[in-house]
file my_file29.txt (compact mmCIF, N, CA and C atoms)
# COMPACT_ATOMS: atom_id res chain seq x y z
N MET F 1 50.46 -32.45 -4.35
CA MET F 1 50.31 -31.08 -3.90
C MET F 1 50.77 -30.13 -5.01
N GLU F 2 49.96 -29.14 -5.27
CA GLU F 2 50.27 -28.18 -6.32
C GLU F 2 51.29 -27.16 -5.83
N ARG F 3 52.26 -26.85 -6.71
CA ARG F 3 53.28 -25.87 -6.35
C ARG F 3 52.70 -24.47 -6.42
N ALA F 4 53.02 -23.67 -5.43
CA ALA F 4 52.57 -22.28 -5.40
C ALA F 4 53.60 -21.44 -6.14
N THR F 5 53.33 -21.16 -7.40
CA THR F 5 54.24 -20.34 -8.20
C THR F 5 53.53 -19.07 -8.64
N LEU F 6 54.29 -18.16 -9.17
CA LEU F 6 53.73 -16.93 -9.72
C LEU F 6 54.27 -16.80 -11.14
N SER F 7 53.51 -17.29 -12.09
CA SER F 7 53.98 -17.35 -13.46
C SER F 7 53.74 -16.03 -14.20
N LYS F 8 54.32 -15.93 -15.36
CA LYS F 8 54.20 -14.73 -16.20
C LYS F 8 52.74 -14.43 -16.54
N CYS F 9 51.94 -15.49 -16.75
CA CYS F 9 50.54 -15.27 -17.12
C CYS F 9 49.70 -14.73 -15.96
N GLU F 10 50.24 -14.74 -14.74
CA GLU F 10 49.53 -14.20 -13.59
C GLU F 10 49.87 -12.73 -13.33
N ARG F 11 50.73 -12.15 -14.13
CA ARG F 11 51.10 -10.75 -13.96
C ARG F 11 50.38 -9.90 -15.01
N ILE F 12 50.02 -8.71 -14.62
CA ILE F 12 49.36 -7.80 -15.55
C ILE F 12 50.43 -7.14 -16.42
N CYS F 13 50.38 -7.41 -17.71
CA CYS F 13 51.33 -6.83 -18.66
C CYS F 13 50.62 -5.98 -19.71
N SER F 14 49.33 -6.13 -19.81
CA SER F 14 48.56 -5.47 -20.85
C SER F 14 48.19 -4.04 -20.46
N TYR F 15 48.55 -3.09 -21.29
CA TYR F 15 48.19 -1.70 -21.04
C TYR F 15 46.66 -1.53 -21.02
N ARG F 16 45.98 -2.29 -21.83
CA ARG F 16 44.52 -2.21 -21.89
C ARG F 16 43.92 -2.61 -20.54
N LEU F 17 44.43 -3.70 -19.96
CA LEU F 17 43.92 -4.16 -18.67
C LEU F 17 44.27 -3.16 -17.56
N ILE F 18 45.45 -2.56 -17.62
CA ILE F 18 45.83 -1.55 -16.63
C ILE F 18 44.90 -0.35 -16.73
N ASP F 19 44.60 0.09 -17.95
CA ASP F 19 43.68 1.21 -18.15
C ASP F 19 42.28 0.88 -17.62
N GLN F 20 41.82 -0.34 -17.85
CA GLN F 20 40.51 -0.75 -17.34
C GLN F 20 40.52 -0.76 -15.82
N LEU F 21 41.60 -1.24 -15.25
CA LEU F 21 41.70 -1.36 -13.80
C LEU F 21 41.67 0.00 -13.11
N PHE F 22 42.42 0.97 -13.64
CA PHE F 22 42.50 2.27 -13.00
C PHE F 22 41.54 3.30 -13.59
N GLY F 23 41.04 3.08 -14.80
CA GLY F 23 40.18 4.07 -15.44
C GLY F 23 38.71 3.94 -15.09
N ASN F 24 38.27 2.77 -14.72
CA ASN F 24 36.86 2.53 -14.45
C ASN F 24 36.55 2.86 -13.00
N ARG F 25 35.66 3.79 -12.77
CA ARG F 25 35.32 4.20 -11.40
C ARG F 25 34.52 3.14 -10.66
N LYS F 26 33.98 2.17 -11.37
CA LYS F 26 33.19 1.11 -10.73
C LYS F 26 34.07 0.08 -10.03
N ASN F 27 35.36 0.05 -10.36
CA ASN F 27 36.24 -0.93 -9.74
C ASN F 27 36.41 -0.64 -8.26
N SER F 28 36.56 -1.70 -7.49
CA SER F 28 36.66 -1.57 -6.04
C SER F 28 38.09 -1.32 -5.62
N SER F 29 38.21 -0.71 -4.45
CA SER F 29 39.52 -0.42 -3.89
C SER F 29 39.41 -0.50 -2.38
N MET F 30 40.47 -0.97 -1.74
CA MET F 30 40.51 -0.99 -0.28
C MET F 30 41.96 -0.89 0.17
N ALA F 31 42.13 -0.54 1.43
CA ALA F 31 43.49 -0.33 1.94
C ALA F 31 43.70 -1.06 3.25
N ALA F 32 44.92 -1.49 3.45
CA ALA F 32 45.43 -2.00 4.72
C ALA F 32 46.82 -1.41 4.81
N PHE F 33 46.92 -0.25 5.43
CA PHE F 33 48.16 0.52 5.40
C PHE F 33 49.34 -0.37 5.71
N PRO F 34 50.37 -0.35 4.90
CA PRO F 34 50.79 0.57 3.86
C PRO F 34 50.40 0.15 2.45
N LEU F 35 49.48 -0.79 2.30
CA LEU F 35 49.09 -1.25 0.96
C LEU F 35 47.69 -0.80 0.62
N ARG F 36 47.49 -0.52 -0.65
CA ARG F 36 46.16 -0.28 -1.19
C ARG F 36 46.00 -1.22 -2.37
N VAL F 37 44.82 -1.78 -2.53
CA VAL F 37 44.60 -2.68 -3.66
C VAL F 37 43.38 -2.19 -4.45
N VAL F 38 43.53 -2.16 -5.76
CA VAL F 38 42.44 -1.86 -6.68
C VAL F 38 42.18 -3.15 -7.44
N PHE F 39 40.92 -3.57 -7.51
CA PHE F 39 40.64 -4.85 -8.14
C PHE F 39 39.35 -4.83 -8.93
N MET F 40 39.27 -5.76 -9.88
CA MET F 40 38.06 -5.93 -10.68
C MET F 40 38.00 -7.37 -11.15
N PRO F 41 36.80 -7.88 -11.39
CA PRO F 41 36.68 -9.25 -11.90
C PRO F 41 37.14 -9.33 -13.35
N VAL F 42 37.78 -10.44 -13.70
CA VAL F 42 38.20 -10.72 -15.08
C VAL F 42 37.81 -12.15 -15.42
N ASP F 43 37.98 -12.51 -16.68
CA ASP F 43 37.55 -13.83 -17.13
C ASP F 43 38.61 -14.91 -16.96
N ASP F 44 39.88 -14.56 -17.07
CA ASP F 44 40.91 -15.59 -17.19
C ASP F 44 41.89 -15.62 -16.02
N GLY F 45 41.46 -16.06 -14.87
CA GLY F 45 42.36 -16.26 -13.74
C GLY F 45 42.79 -14.98 -13.04
N ASN F 46 43.49 -15.15 -11.93
CA ASN F 46 43.97 -14.01 -11.16
C ASN F 46 45.20 -13.41 -11.80
N LYS F 47 45.25 -12.08 -11.79
CA LYS F 47 46.40 -11.35 -12.33
C LYS F 47 46.73 -10.23 -11.35
N ILE F 48 48.05 -10.00 -11.16
CA ILE F 48 48.44 -8.95 -10.22
C ILE F 48 49.45 -7.99 -10.84
N LEU F 49 49.50 -6.81 -10.22
CA LEU F 49 50.45 -5.77 -10.56
C LEU F 49 50.89 -5.16 -9.23
N VAL F 50 52.17 -4.91 -9.07
CA VAL F 50 52.68 -4.30 -7.83
C VAL F 50 53.37 -3.00 -8.20
N SER F 51 52.98 -1.93 -7.52
CA SER F 51 53.54 -0.61 -7.81
C SER F 51 54.08 0.01 -6.52
N VAL F 52 55.33 0.48 -6.59
CA VAL F 52 55.94 1.20 -5.48
C VAL F 52 56.43 2.53 -6.06
N PRO F 53 55.84 3.65 -5.63
CA PRO F 53 56.18 4.94 -6.22
C PRO F 53 57.62 5.38 -5.96
N LYS F 54 58.21 5.98 -6.96
CA LYS F 54 59.56 6.52 -6.85
C LYS F 54 59.59 7.70 -5.88
N ARG F 55 58.45 8.31 -5.68
CA ARG F 55 58.34 9.44 -4.76
C ARG F 55 58.72 9.02 -3.33
N HIS F 56 58.35 7.78 -2.96
CA HIS F 56 58.64 7.30 -1.61
C HIS F 56 60.03 6.69 -1.48
N PHE F 57 60.48 6.00 -2.52
CA PHE F 57 61.77 5.32 -2.49
C PHE F 57 62.58 5.69 -3.72
N LYS F 58 63.60 6.50 -3.53
CA LYS F 58 64.40 6.98 -4.66
C LYS F 58 65.28 5.89 -5.25
N HIS F 59 65.70 4.93 -4.44
CA HIS F 59 66.61 3.88 -4.90
C HIS F 59 65.82 2.66 -5.40
N ALA F 60 66.16 2.21 -6.59
CA ALA F 60 65.47 1.07 -7.20
C ALA F 60 65.61 -0.19 -6.35
N VAL F 61 66.71 -0.31 -5.63
CA VAL F 61 66.92 -1.48 -4.78
C VAL F 61 65.81 -1.59 -3.74
N ASP F 62 65.44 -0.46 -3.15
CA ASP F 62 64.38 -0.46 -2.13
C ASP F 62 63.02 -0.75 -2.75
N ARG F 63 62.73 -0.15 -3.91
CA ARG F 63 61.46 -0.42 -4.59
C ARG F 63 61.35 -1.90 -4.96
N ASN F 64 62.41 -2.46 -5.50
CA ASN F 64 62.40 -3.87 -5.89
C ASN F 64 62.24 -4.79 -4.68
N HIS F 65 62.84 -4.43 -3.56
CA HIS F 65 62.72 -5.24 -2.34
C HIS F 65 61.26 -5.30 -1.89
N ILE F 66 60.58 -4.17 -1.90
CA ILE F 66 59.18 -4.14 -1.49
C ILE F 66 58.31 -4.91 -2.47
N LYS F 67 58.57 -4.75 -3.76
CA LYS F 67 57.81 -5.51 -4.76
C LYS F 67 57.97 -7.01 -4.54
N ARG F 68 59.20 -7.43 -4.24
CA ARG F 68 59.46 -8.85 -3.98
C ARG F 68 58.68 -9.33 -2.76
N GLN F 69 58.64 -8.51 -1.72
CA GLN F 69 57.90 -8.87 -0.51
C GLN F 69 56.41 -9.06 -0.82
N VAL F 70 55.83 -8.14 -1.56
CA VAL F 70 54.39 -8.21 -1.88
C VAL F 70 54.10 -9.40 -2.79
N ARG F 71 54.92 -9.61 -3.82
CA ARG F 71 54.71 -10.75 -4.73
C ARG F 71 54.82 -12.07 -3.99
N GLU F 72 55.79 -12.19 -3.10
CA GLU F 72 55.97 -13.43 -2.36
C GLU F 72 54.79 -13.68 -1.42
N ALA F 73 54.32 -12.64 -0.76
CA ALA F 73 53.16 -12.79 0.13
C ALA F 73 51.94 -13.22 -0.68
N TYR F 74 51.75 -12.64 -1.86
CA TYR F 74 50.63 -13.04 -2.72
C TYR F 74 50.80 -14.49 -3.18
N ARG F 75 51.99 -14.84 -3.63
CA ARG F 75 52.25 -16.19 -4.14
C ARG F 75 51.93 -17.25 -3.09
N LYS F 76 52.31 -16.99 -1.85
CA LYS F 76 52.09 -17.97 -0.80
C LYS F 76 50.63 -18.09 -0.39
N ASN F 77 49.84 -17.04 -0.62
CA ASN F 77 48.47 -17.00 -0.11
C ASN F 77 47.40 -16.83 -1.18
N LYS F 78 47.76 -17.03 -2.44
CA LYS F 78 46.79 -16.79 -3.51
C LYS F 78 45.64 -17.79 -3.51
N THR F 79 45.78 -18.91 -2.81
CA THR F 79 44.70 -19.90 -2.76
C THR F 79 43.48 -19.37 -2.01
N ILE F 80 43.63 -18.26 -1.28
CA ILE F 80 42.49 -17.64 -0.60
C ILE F 80 41.42 -17.25 -1.60
N LEU F 81 41.81 -16.91 -2.82
CA LEU F 81 40.87 -16.47 -3.85
C LEU F 81 40.43 -17.60 -4.78
N ASP F 82 40.55 -18.85 -4.37
CA ASP F 82 40.17 -19.96 -5.23
C ASP F 82 38.75 -19.80 -5.78
N GLY F 83 38.62 -20.00 -7.07
CA GLY F 83 37.32 -19.91 -7.71
C GLY F 83 36.95 -18.51 -8.17
N LYS F 84 37.71 -17.52 -7.80
CA LYS F 84 37.42 -16.15 -8.22
C LYS F 84 38.53 -15.67 -9.14
N SER F 85 38.17 -15.00 -10.20
CA SER F 85 39.15 -14.45 -11.15
C SER F 85 39.17 -12.94 -11.00
N MET F 86 40.29 -12.43 -10.54
CA MET F 86 40.42 -10.99 -10.28
C MET F 86 41.70 -10.44 -10.89
N ALA F 87 41.63 -9.19 -11.31
CA ALA F 87 42.82 -8.41 -11.66
C ALA F 87 43.04 -7.47 -10.49
N MET F 88 44.24 -7.50 -9.92
CA MET F 88 44.52 -6.71 -8.71
C MET F 88 45.79 -5.90 -8.90
N ALA F 89 45.76 -4.67 -8.41
CA ALA F 89 46.95 -3.82 -8.41
C ALA F 89 47.24 -3.45 -6.96
N PHE F 90 48.38 -3.89 -6.45
CA PHE F 90 48.81 -3.55 -5.11
C PHE F 90 49.69 -2.31 -5.19
N ILE F 91 49.33 -1.27 -4.44
CA ILE F 91 50.06 -0.01 -4.48
C ILE F 91 50.59 0.29 -3.08
N TRP F 92 51.88 0.55 -2.99
CA TRP F 92 52.53 0.86 -1.71
C TRP F 92 52.33 2.33 -1.40
N MET F 93 51.86 2.66 -0.19
CA MET F 93 51.53 4.05 0.13
C MET F 93 52.45 4.69 1.16
N SER F 94 53.29 3.94 1.80
CA SER F 94 54.09 4.45 2.91
C SER F 94 55.52 4.78 2.48
N PRO F 95 56.12 5.79 3.09
CA PRO F 95 57.53 6.08 2.79
C PRO F 95 58.49 5.21 3.60
N GLN F 96 57.97 4.29 4.41
CA GLN F 96 58.83 3.42 5.20
C GLN F 96 58.69 1.97 4.77
N MET F 97 59.78 1.23 4.93
CA MET F 97 59.77 -0.21 4.67
C MET F 97 59.28 -0.91 5.94
N ILE F 98 58.63 -2.06 5.76
CA ILE F 98 58.23 -2.85 6.91
C ILE F 98 58.70 -4.29 6.70
N THR F 99 58.60 -5.09 7.74
CA THR F 99 59.10 -6.46 7.68
C THR F 99 58.26 -7.31 6.74
N THR F 100 58.85 -8.39 6.29
CA THR F 100 58.17 -9.31 5.38
C THR F 100 56.94 -9.92 6.05
N GLU F 101 57.03 -10.23 7.33
CA GLU F 101 55.89 -10.80 8.07
C GLU F 101 54.71 -9.83 8.09
N GLU F 102 55.00 -8.55 8.32
CA GLU F 102 53.95 -7.53 8.32
C GLU F 102 53.31 -7.41 6.95
N VAL F 103 54.13 -7.40 5.91
CA VAL F 103 53.62 -7.30 4.53
C VAL F 103 52.70 -8.49 4.25
N GLU F 104 53.14 -9.68 4.64
CA GLU F 104 52.33 -10.87 4.39
C GLU F 104 51.00 -10.79 5.13
N LYS F 105 51.02 -10.29 6.36
CA LYS F 105 49.79 -10.16 7.14
C LYS F 105 48.81 -9.20 6.45
N LYS F 106 49.34 -8.10 5.93
CA LYS F 106 48.49 -7.12 5.25
C LYS F 106 47.93 -7.69 3.95
N VAL F 107 48.76 -8.39 3.17
CA VAL F 107 48.29 -8.98 1.91
C VAL F 107 47.21 -10.03 2.18
N VAL F 108 47.41 -10.87 3.19
CA VAL F 108 46.42 -11.89 3.53
C VAL F 108 45.10 -11.23 3.92
N GLY F 109 45.17 -10.18 4.71
CA GLY F 109 43.95 -9.45 5.10
C GLY F 109 43.21 -8.90 3.89
N LEU F 110 43.96 -8.30 2.97
CA LEU F 110 43.33 -7.76 1.76
C LEU F 110 42.74 -8.86 0.90
N LEU F 111 43.43 -9.98 0.77
CA LEU F 111 42.89 -11.09 -0.03
C LEU F 111 41.61 -11.65 0.57
N HIS F 112 41.55 -11.72 1.90
CA HIS F 112 40.31 -12.18 2.55
C HIS F 112 39.17 -11.20 2.28
N LYS F 113 39.45 -9.89 2.37
CA LYS F 113 38.43 -8.88 2.09
C LYS F 113 37.95 -8.96 0.65
N ILE F 114 38.89 -9.15 -0.29
CA ILE F 114 38.52 -9.26 -1.70
C ILE F 114 37.65 -10.50 -1.91
N GLY F 115 38.04 -11.61 -1.28
CA GLY F 115 37.27 -12.85 -1.39
C GLY F 115 35.84 -12.70 -0.90
N LYS F 116 35.65 -11.95 0.17
CA LYS F 116 34.30 -11.73 0.71
C LYS F 116 33.49 -10.80 -0.18
N LYS F 117 34.16 -9.79 -0.73
CA LYS F 117 33.45 -8.78 -1.54
C LYS F 117 33.10 -9.29 -2.93
N ALA F 118 33.91 -10.20 -3.47
CA ALA F 118 33.71 -10.67 -4.84
C ALA F 118 32.61 -11.71 -4.91
call {"tool": "encode", "arguments": {"input": "my_file29.txt", "output": "C-alpha cells"}}
result
Amino acid sequence: MERATLSKCERICSYRLIDQLFGNRKNSSMAAFPLRVVFMPVDDGNKILVSVPKRHFKHAVDRNHIKRQVREAYRKNKTILDGKSMAMAFIWMSPQMITTEEVEKKVVGLLHKIGKKA
C-alpha cells in the first residue's frame, strides 16, 4: 500500500506557476464555501497552494491551523485525482474557522468536481 504523503514537490513554490494560475483567465475556478479553488492542468503531477488571507485571521496561529486542515484533507484524498495532473490553489473565504471534518468534506467535494471537469 502506498503511503499518502504530501511532499515538497507537490507544493507550488514557483512564482511563474503562481502567476500562470492566477493570471490566466482561462483557468477554472469553483467554490464550496468556505473554500474556493483555482486550478489548471500541468504536465508534472498534482501541485497545491493553500492561502488564508490575513484580512480574515489576524493571528498566524489561526491561519496556520486552517492551512494544516486543508493540506491534511487534500493529502488524505488526493487519490481522487489519479491520472490527472493539476495545479490547484485553495483559498479560504470565510472569517470563521470550521471543524476538520467539515473542511475535509468540502475538499473532497471540490476534488470530485475537479476530477469530473478535467
call {"tool": "residues_around", "arguments": {"input": "my_file29.txt", "residues": "region 43-47 of chain F", "least_positions_apart": "2", "cutoff": "5 Å", "atoms": "all atoms listed in the file", "output": "CSV table (one decimal) with N, CA and C atoms, in the coordinates of the input"}}
result
chain,number,residue,atom,x,y,z
F,10,GLU,N,50.2,-14.7,-14.7
F,10,GLU,CA,49.5,-14.2,-13.6
F,10,GLU,C,49.9,-12.7,-13.3
F,11,ARG,N,50.7,-12.2,-14.1
F,11,ARG,CA,51.1,-10.8,-14.0
F,11,ARG,C,50.4,-9.9,-15.0
F,12,ILE,N,50.0,-8.7,-14.6
F,12,ILE,CA,49.4,-7.8,-15.6
F,12,ILE,C,50.4,-7.1,-16.4
F,41,PRO,N,36.8,-7.9,-11.4
F,41,PRO,CA,36.7,-9.2,-11.9
F,41,PRO,C,37.1,-9.3,-13.4
F,49,LEU,N,49.5,-6.8,-10.2
F,49,LEU,CA,50.4,-5.8,-10.6
F,49,LEU,C,50.9,-5.2,-9.2
F,85,SER,N,38.2,-15.0,-10.2
F,85,SER,CA,39.2,-14.4,-11.2
F,85,SER,C,39.2,-12.9,-11.0
F,86,MET,N,40.3,-12.4,-10.5
F,86,MET,CA,40.4,-11.0,-10.3
F,86,MET,C,41.7,-10.4,-10.9
F,87,ALA,N,41.6,-9.2,-11.3
F,87,ALA,CA,42.8,-8.4,-11.7
F,87,ALA,C,43.0,-7.5,-10.5
F,88,MET,N,44.2,-7.5,-9.9
F,88,MET,CA,44.5,-6.7,-8.7
F,88,MET,C,45.8,-5.9,-8.9
call {"tool": "closest_residue", "arguments": {"input": "my_file29.txt", "among": "F:Lys67, F:Met40, F:Leu111, F:Lys84", "to": "Gln20 (chain F)", "atoms": "only N, CA and C atoms"}}
result
F:Met40
call {"tool": "closest_residue", "arguments": {"input": "my_file29.txt", "among": "F:Lys105, F:Ala89, F:Lys116, F:Asn77", "to": "Thr5 (chain F)", "atoms": "only C-alpha atoms"}}
result
F:Asn77
call {"tool": "atom_distance", "arguments": {"input": "my_file29.txt", "atom1": "CA of Lys106 (chain F)", "atom2": "CA of Gly83 (chain F)"}}
result
21.4 Å
call {"tool": "select_by_dssp", "arguments": {"input": "my_file29.txt", "residues": "chain F", "states": "alpha helix (DSSP H)", "output": "PyMOL selection string"}}
result
chain F and resi 15-23+60-77+100-117
call {"tool": "atom_distance", "arguments": {"input": "my_file29.txt", "atom1": "CA of Val42 (chain F)", "atom2": "CA of Ala73 (chain F)"}}
result
21.4 Å
call {"tool": "atom_distance", "arguments": {"input": "my_file29.txt", "atom1": "CA of Leu21 (chain F)", "atom2": "atom N of Ile80 (chain F)"}}
result
21.1 Å
call {"tool": "select_by_dssp", "arguments": {"input": "my_file29.txt", "residues": "region 21-112 of chain F", "states": "strand (DSSP E)", "output": "list in words"}}
result
Ser28, Ser29, Met30, Ala31, Ala32, Leu35, Arg36, Val37, Val38, Phe39, Met40, Pro41, Lys47, Ile48, Leu49, Val50, Ser51, Met86, Ala87, Met88, Ala89, Phe90, Ile91 and Trp92 of chain F
call {"tool": "residues_around", "arguments": {"input": "my_file29.txt", "residues": "region 95-101 of chain F", "least_positions_apart": "6", "cutoff": "8 Å", "atoms": "only C-alpha atoms", "output": "compact mmCIF listing (two decimals) with N, CA and C atoms, keeping the file's coordinate frame"}}
result
# COMPACT_ATOMS: atom_id res chain seq x y z
N HIS F 56 58.35 7.78 -2.96
CA HIS F 56 58.64 7.30 -1.61
C HIS F 56 60.03 6.69 -1.48
N PHE F 57 60.48 6.00 -2.52
CA PHE F 57 61.77 5.32 -2.49
C PHE F 57 62.58 5.69 -3.72
N ILE F 66 60.58 -4.17 -1.90
CA ILE F 66 59.18 -4.14 -1.49
C ILE F 66 58.31 -4.91 -2.47
N GLN F 69 58.64 -8.51 -1.72
CA GLN F 69 57.90 -8.87 -0.51
C GLN F 69 56.41 -9.06 -0.82
call {"tool": "closest_residue", "arguments": {"input": "my_file29.txt", "among": "F:Ala31, F:Met93, F:Val37, F:Leu17", "to": "Val52 (chain F)", "atoms": "only C-alpha atoms"}}
result
F:Met93
call {"tool": "residues_around", "arguments": {"input": "my_file29.txt", "residues": "Pro53 (chain F)", "least_positions_apart": "2", "cutoff": "8 Å", "atoms": "only N, CA and C atoms", "output": "list in words"}}
result
Val50, Ser51, Arg55, His56, Phe57, Lys58, Arg63, Ile91, Trp92, Met93 and Ser94 of chain F
call {"tool": "build_atoms", "arguments": {"input": "my_file29.txt", "residues": "region 39-48 of chain F", "atoms": "all heavy atoms", "output": "PDB file, in the coordinates of the input"}}
result
ATOM      1  N   PHE F  39      40.920  -3.570  -7.510  1.00  0.00           N
ATOM      2  CA  PHE F  39      40.640  -4.850  -8.140  1.00  0.00           C
ATOM      3  C   PHE F  39      39.350  -4.830  -8.930  1.00  0.00           C
ATOM      4  O   PHE F  39      38.479  -3.988  -8.695  1.00  0.00           O
ATOM      5  CB  PHE F  39      40.604  -5.976  -7.092  1.00  0.00           C
ATOM      6  CG  PHE F  39      39.542  -5.810  -6.038  1.00  0.00           C
ATOM      7  CD1 PHE F  39      38.321  -6.440  -6.162  1.00  0.00           C
ATOM      8  CD2 PHE F  39      39.779  -5.037  -4.920  1.00  0.00           C
ATOM      9  CE1 PHE F  39      37.345  -6.300  -5.194  1.00  0.00           C
ATOM     10  CE2 PHE F  39      38.818  -4.881  -3.943  1.00  0.00           C
ATOM     11  CZ  PHE F  39      37.596  -5.523  -4.078  1.00  0.00           C
ATOM     12  N   MET F  40      39.270  -5.760  -9.880  1.00  0.00           N
ATOM     13  CA  MET F  40      38.060  -5.930 -10.680  1.00  0.00           C
ATOM     14  C   MET F  40      38.000  -7.370 -11.150  1.00  0.00           C
ATOM     15  O   MET F  40      39.027  -8.041 -11.278  1.00  0.00           O
ATOM     16  CB  MET F  40      38.052  -4.981 -11.872  1.00  0.00           C
ATOM     17  CG  MET F  40      39.058  -5.304 -12.931  1.00  0.00           C
ATOM     18  SD  MET F  40      38.909  -4.158 -14.316  1.00  0.00           S
ATOM     19  CE  MET F  40      39.686  -5.113 -15.587  1.00  0.00           C
ATOM     20  N   PRO F  41      36.800  -7.880 -11.390  1.00  0.00           N
ATOM     21  CA  PRO F  41      36.680  -9.250 -11.900  1.00  0.00           C
ATOM     22  C   PRO F  41      37.140  -9.330 -13.350  1.00  0.00           C
ATOM     23  O   PRO F  41      36.931  -8.400 -14.133  1.00  0.00           O
ATOM     24  CB  PRO F  41      35.192  -9.564 -11.772  1.00  0.00           C
ATOM     25  CG  PRO F  41      34.512  -8.282 -11.483  1.00  0.00           C
ATOM     26  CD  PRO F  41      35.514  -7.273 -11.092  1.00  0.00           C
ATOM     27  N   VAL F  42      37.780 -10.440 -13.700  1.00  0.00           N
ATOM     28  CA  VAL F  42      38.200 -10.720 -15.080  1.00  0.00           C
ATOM     29  C   VAL F  42      37.810 -12.150 -15.420  1.00  0.00           C
ATOM     30  O   VAL F  42      37.372 -12.906 -14.557  1.00  0.00           O
ATOM     31  CB  VAL F  42      39.722 -10.515 -15.285  1.00  0.00           C
ATOM     32  CG1 VAL F  42      40.095  -9.057 -15.172  1.00  0.00           C
ATOM     33  CG2 VAL F  42      40.536 -11.341 -14.334  1.00  0.00           C
ATOM     34  N   ASP F  43      37.980 -12.510 -16.680  1.00  0.00           N
ATOM     35  CA  ASP F  43      37.550 -13.830 -17.130  1.00  0.00           C
ATOM     36  C   ASP F  43      38.610 -14.910 -16.960  1.00  0.00           C
ATOM     37  O   ASP F  43      38.284 -16.069 -16.739  1.00  0.00           O
ATOM     38  CB  ASP F  43      37.149 -13.771 -18.607  1.00  0.00           C
ATOM     39  CG  ASP F  43      35.941 -12.877 -18.809  1.00  0.00           C
ATOM     40  OD1 ASP F  43      35.126 -12.754 -17.877  1.00  0.00           O
ATOM     41  OD2 ASP F  43      35.828 -12.302 -19.902  1.00  0.00           O
ATOM     42  N   ASP F  44      39.880 -14.560 -17.070  1.00  0.00           N
ATOM     43  CA  ASP F  44      40.910 -15.590 -17.190  1.00  0.00           C
ATOM     44  C   ASP F  44      41.890 -15.620 -16.020  1.00  0.00           C
ATOM     45  O   ASP F  44      43.044 -15.239 -16.167  1.00  0.00           O
ATOM     46  CB  ASP F  44      41.652 -15.439 -18.516  1.00  0.00           C
ATOM     47  CG  ASP F  44      42.215 -14.038 -18.694  1.00  0.00           C
ATOM     48  OD1 ASP F  44      41.743 -13.115 -18.014  1.00  0.00           O
ATOM     49  OD2 ASP F  44      43.129 -13.870 -19.511  1.00  0.00           O
ATOM     50  N   GLY F  45      41.460 -16.060 -14.870  1.00  0.00           N
ATOM     51  CA  GLY F  45      42.360 -16.260 -13.740  1.00  0.00           C
ATOM     52  C   GLY F  45      42.790 -14.980 -13.040  1.00  0.00           C
ATOM     53  O   GLY F  45      42.497 -13.876 -13.475  1.00  0.00           O
ATOM     54  N   ASN F  46      43.490 -15.150 -11.930  1.00  0.00           N
ATOM     55  CA  ASN F  46      43.970 -14.010 -11.160  1.00  0.00           C
ATOM     56  C   ASN F  46      45.200 -13.410 -11.800  1.00  0.00           C
ATOM     57  O   ASN F  46      46.078 -14.105 -12.277  1.00  0.00           O
ATOM     58  CB  ASN F  46      44.308 -14.449  -9.733  1.00  0.00           C
ATOM     59  CG  ASN F  46      43.072 -14.823  -8.960  1.00  0.00           C
ATOM     60  OD1 ASN F  46      42.008 -14.297  -9.188  1.00  0.00           O
ATOM     61  ND2 ASN F  46      43.213 -15.744  -8.036  1.00  0.00           N
ATOM     62  N   LYS F  47      45.250 -12.080 -11.790  1.00  0.00           N
ATOM     63  CA  LYS F  47      46.400 -11.350 -12.330  1.00  0.00           C
ATOM     64  C   LYS F  47      46.730 -10.230 -11.350  1.00  0.00           C
ATOM     65  O   LYS F  47      45.836  -9.612 -10.793  1.00  0.00           O
ATOM     66  CB  LYS F  47      46.077 -10.757 -13.693  1.00  0.00           C
ATOM     67  CG  LYS F  47      45.806 -11.810 -14.753  1.00  0.00           C
ATOM     68  CD  LYS F  47      45.647 -11.160 -16.105  1.00  0.00           C
ATOM     69  CE  LYS F  47      45.473 -12.191 -17.187  1.00  0.00           C
ATOM     70  NZ  LYS F  47      46.680 -12.933 -17.479  1.00  0.00           N
ATOM     71  N   ILE F  48      48.050 -10.000 -11.160  1.00  0.00           N
ATOM     72  CA  ILE F  48      48.440  -8.950 -10.220  1.00  0.00           C
ATOM     73  C   ILE F  48      49.450  -7.990 -10.840  1.00  0.00           C
ATOM     74  O   ILE F  48      50.139  -8.315 -11.794  1.00  0.00           O
ATOM     75  CB  ILE F  48      49.015  -9.509  -8.900  1.00  0.00           C
ATOM     76  CG1 ILE F  48      50.394 -10.122  -9.095  1.00  0.00           C
ATOM     77  CG2 ILE F  48      48.072 -10.468  -8.240  1.00  0.00           C
ATOM     78  CD1 ILE F  48      51.169 -10.278  -7.815  1.00  0.00           C
TER      79      ILE F  48
END
